[in-house]
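Structure file protein26.pdb with PDB, C-alpha atoms:
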ATOM      1  CA  MET H   1     -21.118 143.163 215.195  1.00  0.00           C
ATOM      2  CA  LYS H   2     -20.306 139.469 215.750  1.00  0.00           C
ATOM      3  CA  LYS H   3     -16.970 140.351 217.408  1.00  0.00           C
ATOM      4  CA  GLY H   4     -18.756 142.713 219.805  1.00  0.00           C
ATOM      5  CA  ILE H   5     -21.253 140.035 220.807  1.00  0.00           C
ATOM      6  CA  LEU H   6     -18.455 137.481 221.241  1.00  0.00           C
ATOM      7  CA  LYS H   7     -16.407 139.895 223.416  1.00  0.00           C
ATOM      8  CA  SER H   8     -19.463 140.644 225.544  1.00  0.00           C
ATOM      9  CA  LEU H   9     -20.182 136.953 225.990  1.00  0.00           C
ATOM     10  CA  VAL H  10     -16.565 136.252 227.020  1.00  0.00           C
ATOM     11  CA  VAL H  11     -16.675 139.110 229.562  1.00  0.00           C
ATOM     12  CA  ILE H  12     -19.998 137.909 231.005  1.00  0.00           C
ATOM     13  CA  ILE H  13     -18.720 134.340 231.343  1.00  0.00           C
ATOM     14  CA  ALA H  14     -15.466 135.529 232.947  1.00  0.00           C
ATOM     15  CA  VAL H  15     -17.309 137.708 235.481  1.00  0.00           C
ATOM     16  CA  PHE H  16     -19.801 134.925 236.231  1.00  0.00           C
ATOM     17  CA  MET H  17     -17.063 132.327 236.735  1.00  0.00           C
ATOM     18  CA  SER H  18     -14.867 134.643 238.838  1.00  0.00           C
ATOM     19  CA  ALA H  19     -17.835 135.464 241.083  1.00  0.00           C
ATOM     20  CA  SER H  20     -18.607 131.772 241.590  1.00  0.00           C
ATOM     21  CA  VAL H  21     -17.857 130.491 245.063  1.00  0.00           C
ATOM     22  CA  PHE H  22     -18.393 126.781 245.490  1.00  0.00           C
ATOM     23  CA  ALA H  23     -20.026 125.741 248.749  1.00  0.00           C
ATOM     24  CA  GLN H  24     -19.680 122.069 247.909  1.00  0.00           C
ATOM     25  CA  GLU H  25     -16.401 120.394 248.768  1.00  0.00           C
ATOM     26  CA  ALA H  26     -14.784 117.300 247.280  1.00  0.00           C
ATOM     27  CA  GLY H  27     -16.177 114.231 249.034  1.00  0.00           C
ATOM     28  CA  ASP H  28     -19.541 115.792 249.969  1.00  0.00           C
ATOM     29  CA  LYS H  29     -22.458 113.370 249.585  1.00  0.00           C
ATOM     30  CA  ALA H  30     -26.232 113.772 249.363  1.00  0.00           C
ATOM     31  CA  ALA H  31     -29.215 111.495 248.736  1.00  0.00           C
ATOM     32  CA  GLY H  32     -32.882 112.135 248.149  1.00  0.00           C
ATOM     33  CA  GLY H  33     -35.958 111.677 246.045  1.00  0.00           C
ATOM     34  CA  SER H  34     -37.938 113.372 243.328  1.00  0.00           C
ATOM     35  CA  LEU H  35     -41.261 113.587 241.572  1.00  0.00           C
ATOM     36  CA  ASN H  36     -40.847 113.413 237.779  1.00  0.00           C
ATOM     37  CA  TYR H  37     -42.728 113.943 234.566  1.00  0.00           C
ATOM     38  CA  GLY H  38     -41.416 111.991 231.577  1.00  0.00           C
ATOM     39  CA  SER H  39     -42.455 112.432 227.965  1.00  0.00           C
ATOM     40  CA  GLY H  40     -41.333 111.057 224.633  1.00  0.00           C
ATOM     41  CA  ASP H  41     -42.575 109.575 221.364  1.00  0.00           C
ATOM     42  CA  GLY H  42     -46.294 110.010 222.110  1.00  0.00           C
ATOM     43  CA  TRP H  43     -45.977 108.702 225.683  1.00  0.00           C
ATOM     44  CA  SER H  44     -45.957 110.555 229.013  1.00  0.00           C
ATOM     45  CA  SER H  45     -46.249 109.589 232.670  1.00  0.00           C
ATOM     46  CA  ILE H  46     -45.559 110.642 236.242  1.00  0.00           C
ATOM     47  CA  GLY H  47     -42.622 109.001 237.986  1.00  0.00           C
ATOM     48  CA  ILE H  48     -40.890 108.754 241.334  1.00  0.00           C
ATOM     49  CA  GLY H  49     -37.142 108.822 241.649  1.00  0.00           C
ATOM     50  CA  ALA H  50     -34.178 108.336 243.948  1.00  0.00           C
ATOM     51  CA  LYS H  51     -30.784 109.991 243.560  1.00  0.00           C
ATOM     52  CA  PHE H  52     -27.323 109.907 245.087  1.00  0.00           C
ATOM     53  CA  ARG H  53     -24.762 112.694 244.663  1.00  0.00           C
ATOM     54  CA  TYR H  54     -21.013 112.737 245.199  1.00  0.00           C
ATOM     55  CA  ASN H  55     -18.768 115.790 244.748  1.00  0.00           C
ATOM     56  CA  VAL H  56     -15.604 114.671 242.947  1.00  0.00           C
ATOM     57  CA  THR H  57     -14.055 118.160 243.128  1.00  0.00           C
ATOM     58  CA  SER H  58     -15.383 121.524 244.259  1.00  0.00           C
ATOM     59  CA  PRO H  59     -17.214 122.324 240.976  1.00  0.00           C
ATOM     60  CA  ILE H  60     -17.762 118.759 239.628  1.00  0.00           C
ATOM     61  CA  ARG H  61     -20.443 116.444 240.995  1.00  0.00           C
ATOM     62  CA  LEU H  62     -21.537 112.957 239.906  1.00  0.00           C
ATOM     63  CA  GLU H  63     -25.149 111.898 240.351  1.00  0.00           C
ATOM     64  CA  GLY H  64     -26.796 108.508 239.989  1.00  0.00           C
ATOM     65  CA  VAL H  65     -30.567 108.654 239.389  1.00  0.00           C
ATOM     66  CA  PHE H  66     -33.189 105.903 239.202  1.00  0.00           C
ATOM     67  CA  THR H  67     -36.726 106.831 238.108  1.00  0.00           C
ATOM     68  CA  TYR H  68     -39.753 104.546 237.871  1.00  0.00           C
ATOM     69  CA  PHE H  69     -42.627 105.841 235.761  1.00  0.00           C
ATOM     70  CA  LEU H  70     -46.124 104.704 236.717  1.00  0.00           C
ATOM     71  CA  LYS H  71     -47.994 102.484 234.290  1.00  0.00           C
ATOM     72  CA  LYS H  72     -50.136 104.438 231.852  1.00  0.00           C
ATOM     73  CA  ASP H  73     -51.931 103.131 228.750  1.00  0.00           C
ATOM     74  CA  TYR H  74     -50.457  99.640 229.317  1.00  0.00           C
ATOM     75  CA  VAL H  75     -46.870 100.995 229.395  1.00  0.00           C
ATOM     76  CA  SER H  76     -44.508 101.207 232.368  1.00  0.00           C
ATOM     77  CA  MET H  77     -40.963 102.474 232.201  1.00  0.00           C
ATOM     78  CA  TRP H  78     -37.819 103.004 234.252  1.00  0.00           C
ATOM     79  CA  ASP H  79     -34.680 105.054 233.665  1.00  0.00           C
ATOM     80  CA  PHE H  80     -31.232 104.778 235.283  1.00  0.00           C
ATOM     81  CA  SER H  81     -28.699 107.519 234.619  1.00  0.00           C
ATOM     82  CA  VAL H  82     -25.271 108.627 235.785  1.00  0.00           C
ATOM     83  CA  ASN H  83     -24.660 112.317 235.134  1.00  0.00           C
ATOM     84  CA  ALA H  84     -21.881 114.823 235.746  1.00  0.00           C
ATOM     85  CA  HIS H  85     -22.805 118.320 236.930  1.00  0.00           C
ATOM     86  CA  TYR H  86     -20.578 121.401 236.704  1.00  0.00           C
ATOM     87  CA  LEU H  87     -21.666 123.674 239.558  1.00  0.00           C
ATOM     88  CA  PHE H  88     -21.921 127.471 239.356  1.00  0.00           C
ATOM     89  CA  LYS H  89     -22.861 129.402 242.476  1.00  0.00           C
ATOM     90  CA  ALA H  90     -25.484 131.940 241.314  1.00  0.00           C
ATOM     91  CA  GLY H  91     -26.340 133.405 244.718  1.00  0.00           C
ATOM     92  CA  GLU H  92     -25.954 132.756 248.412  1.00  0.00           C
ATOM     93  CA  LYS H  93     -28.351 129.787 248.293  1.00  0.00           C
ATOM     94  CA  LEU H  94     -28.690 129.114 244.539  1.00  0.00           C
ATOM     95  CA  THR H  95     -26.485 126.827 242.422  1.00  0.00           C
ATOM     96  CA  VAL H  96     -27.043 126.190 238.700  1.00  0.00           C
ATOM     97  CA  TYR H  97     -25.478 123.442 236.596  1.00  0.00           C
ATOM     98  CA  PRO H  98     -25.342 121.980 233.120  1.00  0.00           C
ATOM     99  CA  LEU H  99     -25.294 118.182 233.014  1.00  0.00           C
ATOM    100  CA  ALA H 100     -24.070 115.445 230.713  1.00  0.00           C
ATOM    101  CA  GLY H 101     -24.135 111.708 231.257  1.00  0.00           C
ATOM    102  CA  LEU H 102     -25.194 108.233 230.242  1.00  0.00           C
ATOM    103  CA  GLY H 103     -28.600 106.631 230.635  1.00  0.00           C
ATOM    104  CA  LEU H 104     -30.394 103.322 230.245  1.00  0.00           C
ATOM    105  CA  SER H 105     -34.184 103.237 229.842  1.00  0.00           C
ATOM    106  CA  LYS H 106     -36.528 100.264 229.622  1.00  0.00           C
ATOM    107  CA  ALA H 107     -40.189 100.360 228.637  1.00  0.00           C
ATOM    108  CA  THR H 108     -42.599  97.450 229.021  1.00  0.00           C
ATOM    109  CA  ALA H 109     -46.062  97.248 227.471  1.00  0.00           C
ATOM    110  CA  SER H 110     -48.464  94.574 228.657  1.00  0.00           C
ATOM    111  CA  ALA H 111     -52.155  93.835 228.336  1.00  0.00           C
ATOM    112  CA  SER H 112     -54.456  90.961 229.223  1.00  0.00           C
ATOM    113  CA  GLY H 113     -58.122  90.259 228.885  1.00  0.00           C
ATOM    114  CA  GLU H 114     -60.669  88.357 226.858  1.00  0.00           C
ATOM    115  CA  TYR H 115     -61.565  88.762 223.202  1.00  0.00           C
ATOM    116  CA  MET H 116     -64.241  86.727 221.424  1.00  0.00           C
ATOM    117  CA  GLY H 117     -64.162  84.070 224.132  1.00  0.00           C
ATOM    118  CA  TYR H 118     -60.366  83.742 224.173  1.00  0.00           C
ATOM    119  CA  ASP H 119     -58.112  84.929 226.995  1.00  0.00           C
ATOM    120  CA  TYR H 120     -55.006  86.833 226.019  1.00  0.00           C
ATOM    121  CA  ASN H 121     -51.920  88.016 227.846  1.00  0.00           C
ATOM    122  CA  VAL H 122     -49.319  89.848 225.767  1.00  0.00           C
ATOM    123  CA  SER H 123     -46.246  91.878 226.635  1.00  0.00           C
ATOM    124  CA  ALA H 124     -43.244  93.430 224.948  1.00  0.00           C
ATOM    125  CA  SER H 125     -40.275  95.436 226.169  1.00  0.00           C
ATOM    126  CA  ALA H 126     -37.437  97.496 224.754  1.00  0.00           C
ATOM    127  CA  SER H 127     -34.282  98.979 226.258  1.00  0.00           C
ATOM    128  CA  GLU H 128     -32.375 102.032 225.041  1.00  0.00           C
ATOM    129  CA  PHE H 129     -28.894 103.280 225.963  1.00  0.00           C
ATOM    130  CA  GLY H 130     -27.948 106.880 225.262  1.00  0.00           C
ATOM    131  CA  LEU H 131     -26.484 110.205 226.262  1.00  0.00           C
ATOM    132  CA  ASN H 132     -28.115 112.673 228.645  1.00  0.00           C
ATOM    133  CA  LEU H 133     -27.986 116.450 228.266  1.00  0.00           C
ATOM    134  CA  GLY H 134     -29.678 119.054 230.402  1.00  0.00           C
ATOM    135  CA  GLY H 135     -29.378 121.317 233.374  1.00  0.00           C
ATOM    136  CA  GLY H 136     -30.801 122.169 236.728  1.00  0.00           C
ATOM    137  CA  LEU H 137     -30.690 124.284 239.816  1.00  0.00           C
ATOM    138  CA  ASP H 138     -30.296 123.657 243.523  1.00  0.00           C
ATOM    139  CA  TYR H 139     -31.656 125.909 246.251  1.00  0.00           C
ATOM    140  CA  ASP H 140     -30.398 125.492 249.830  1.00  0.00           C
ATOM    141  CA  LEU H 141     -33.486 125.113 252.012  1.00  0.00           C
ATOM    142  CA  SER H 142     -31.346 124.608 255.133  1.00  0.00           C
ATOM    143  CA  GLU H 143     -27.780 123.654 255.978  1.00  0.00           C
ATOM    144  CA  ASN H 144     -28.415 119.978 255.122  1.00  0.00           C
ATOM    145  CA  MET H 145     -31.457 120.084 252.806  1.00  0.00           C
ATOM    146  CA  VAL H 146     -31.467 121.186 249.148  1.00  0.00           C
ATOM    147  CA  GLY H 147     -34.445 121.658 246.807  1.00  0.00           C
ATOM    148  CA  ASN H 148     -33.744 120.719 243.205  1.00  0.00           C
ATOM    149  CA  VAL H 149     -35.324 121.237 239.767  1.00  0.00           C
ATOM    150  CA  GLU H 150     -33.841 119.608 236.657  1.00  0.00           C
ATOM    151  CA  LEU H 151     -34.611 119.125 232.968  1.00  0.00           C
ATOM    152  CA  ARG H 152     -32.888 116.255 231.155  1.00  0.00           C
ATOM    153  CA  TYR H 153     -33.051 114.853 227.621  1.00  0.00           C
ATOM    154  CA  GLY H 154     -31.959 111.281 226.852  1.00  0.00           C
ATOM    155  CA  THR H 155     -30.838 110.686 223.267  1.00  0.00           C
ATOM    156  CA  GLY H 156     -31.356 106.898 223.193  1.00  0.00           C
ATOM    157  CA  SER H 157     -34.980 106.824 224.290  1.00  0.00           C
ATOM    158  CA  GLU H 158     -35.672 110.425 223.236  1.00  0.00           C
ATOM    159  CA  LEU H 159     -37.108 110.857 226.706  1.00  0.00           C
ATOM    160  CA  ILE H 160     -37.479 114.280 228.314  1.00  0.00           C
ATOM    161  CA  ILE H 161     -37.631 114.232 232.106  1.00  0.00           C
ATOM    162  CA  LEU H 162     -38.638 117.176 234.283  1.00  0.00           C
ATOM    163  CA  SER H 163     -37.732 116.521 237.905  1.00  0.00           C
ATOM    164  CA  ALA H 164     -38.397 118.321 241.203  1.00  0.00           C
ATOM    165  CA  GLY H 165     -37.114 116.963 244.471  1.00  0.00           C
ATOM    166  CA  VAL H 166     -35.148 117.262 247.689  1.00  0.00           C
ATOM    167  CA  VAL H 167     -31.755 115.872 248.683  1.00  0.00           C
ATOM    168  CA  PHE H 168     -30.212 115.644 252.130  1.00  0.00           C
ATOM    169  CA  LYS H 169     -26.491 116.246 252.642  1.00  0.00           C
ATOM    170  CA  PHE H 170     -24.574 113.881 254.894  1.00  0.00           C
TER     171      PHE H 170
END

Re-express the file's structure as structure tokens.
Amino acid sequence: MKKGILKSLVVIIAVFMSASVFAQEAGDKAAGGSLNYGSGDGWSSIGIGAKFRYNVTSPIRLEGVFTYFLKKDYVSMWDFSVNAHYLFKAGEKLTVYPLAGLGLSKATASASGEYMGYDYNVSASASEFGLNLGGGLDYDLSENMVGNVELRYGTGSELIILSAGVVFKF
């Protein structure tokens, strides 16, 4: 039974990979933005992001991403990541990819006010470095514009980021 499942999986992967035609060429570049939702360790917030992509080879792309999460419950956060994507063409306009990379996140909590006649202003911050794992898909909206959805997990900050955005090829 296990051998049959394994053989089927190998055949499916082989067919999928042989049918893949990569539209991206080495040296292609793209830049864009995204709207993000980040969640982790009892915290969640909406964020805005910017990304830059560079195709190293036909199926391998590097992407740098910076995301700033809006302040919520006295906490603001940012995340900077560099990820590698392995591109699989899944249709004429659709590309899917797994991703792996490195990330740095920093959270800052701050509050100020007055308590029992005394003014206070306190803040604390923490940074985490870790690995990123996830995946996403690109859909060609036009020759130079691509819609993108991605889900990424960062091991250091235990942050899950769901991202939707657009990049422009140049």

Go through H:His85, H:Lys169, H:Arg152, H:Lys51 one by one, measure the shortest atom-to-atom distance of each to Tyr68 of chain H using only C-alpha atoms, and give the residue with the smallest value. H:Lys51

Taking the file as shown, what set of residues would the PyMOL selection byres ((chain H and resi 111) around 10) give back, as an mmCIF file with C-alpha atoms, in the coordinates of the input?
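Saved as selection_15.cif:
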data_model
loop_
_atom_site.group_PDB
_atom_site.id
_atom_site.type_symbol
_atom_site.label_atom_id
_atom_site.label_comp_id
_atom_site.auth_asym_id
_atom_site.auth_seq_id
_atom_site.Cartn_x
_atom_site.Cartn_y
_atom_site.Cartn_z
ATOM 1 C CA ASP H 73 -51.931 103.131 228.750
ATOM 2 C CA TYR H 74 -50.457 99.640 229.317
ATOM 3 C CA VAL H 75 -46.870 100.995 229.395
ATOM 4 C CA ALA H 109 -46.062 97.248 227.471
ATOM 5 C CA SER H 110 -48.464 94.574 228.657
ATOM 6 C CA SER H 112 -54.456 90.961 229.223
ATOM 7 C CA GLY H 113 -58.122 90.259 228.885
ATOM 8 C CA TYR H 120 -55.006 86.833 226.019
ATOM 9 C CA ASN H 121 -51.920 88.016 227.846
ATOM 10 C CA VAL H 122 -49.319 89.848 225.767
ATOM 11 C CA SER H 123 -46.246 91.878 226.635
ATOM 12 C CA ALA H 124 -43.244 93.430 224.948
#

Between atom CA of Ser127 of chain H and atom CA of Leu104 of chain H, what is the spacing in Å?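 A separation of 7.1 Å between them.
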
One-decimal distance in Å that lies between atom CA of Lys72 of chain H and atom CA of Ser125 of chain H: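 Atom CA of Ser125 of chain H sits 14.5 Å away from atom CA of Lys72 of chain H.
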
For this structure, which residues satisfy the selection - the PyMOL selection byres ((chain H and resi 34-46) around 10) - when it is evaluated on the file as given? I want them as an MDAnalysis selection string. chainID H and resid 32:33 47:51 65:73 75:77 79 147:154 157:167

Name the residues that the PyMOL selection byres ((chain H and resi 138) around 12) picks from the file above, as JSON, numbers by chain, using the file's chain letters and numbers. {"H": [23, 24, 85, 87, 88, 89, 90, 91, 92, 93, 94, 95, 96, 97, 98, 135, 136, 137, 139, 140, 141, 142, 145, 146, 147, 148, 149, 150, 163, 164, 165, 166, 167, 168]}

H:Asn132, H:Val82, H:Ala30, H:Glu25 ranked by distance to Pro59 of chain H, top pick (using all atoms listed in the file): H:Glu25

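Pairwise distance (atom CA of Ala84 of chain H, atom CA of Gly101 of chain H) equals 5.9 Å.
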
Please define a box with edges along x, y and z of the file around all atoms of segment 39-49 of chain H given in the file, extend it by 5 Å on each side, and return its centre and edge lengths in Å to one decimal, as lines of an AutoDock Vina configuration file.
center_x = -41.7
center_y = 110.6
center_z = 231.5
size_x = 19.2
size_y = 13.7
size_z = 30.3

From H:Phe170, H:Phe80, H:Tyr115, H:Phe129, residue lying nearest Ala31 of chain H [all atoms listed in the file]: H:Phe170

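You can rank H:Asn55, H:Thr155, H:Thr108, H:Asn144 by their closest distance to Gly130 of chain H using all atoms listed in the file, and at the top of that list sits H:Thr155.
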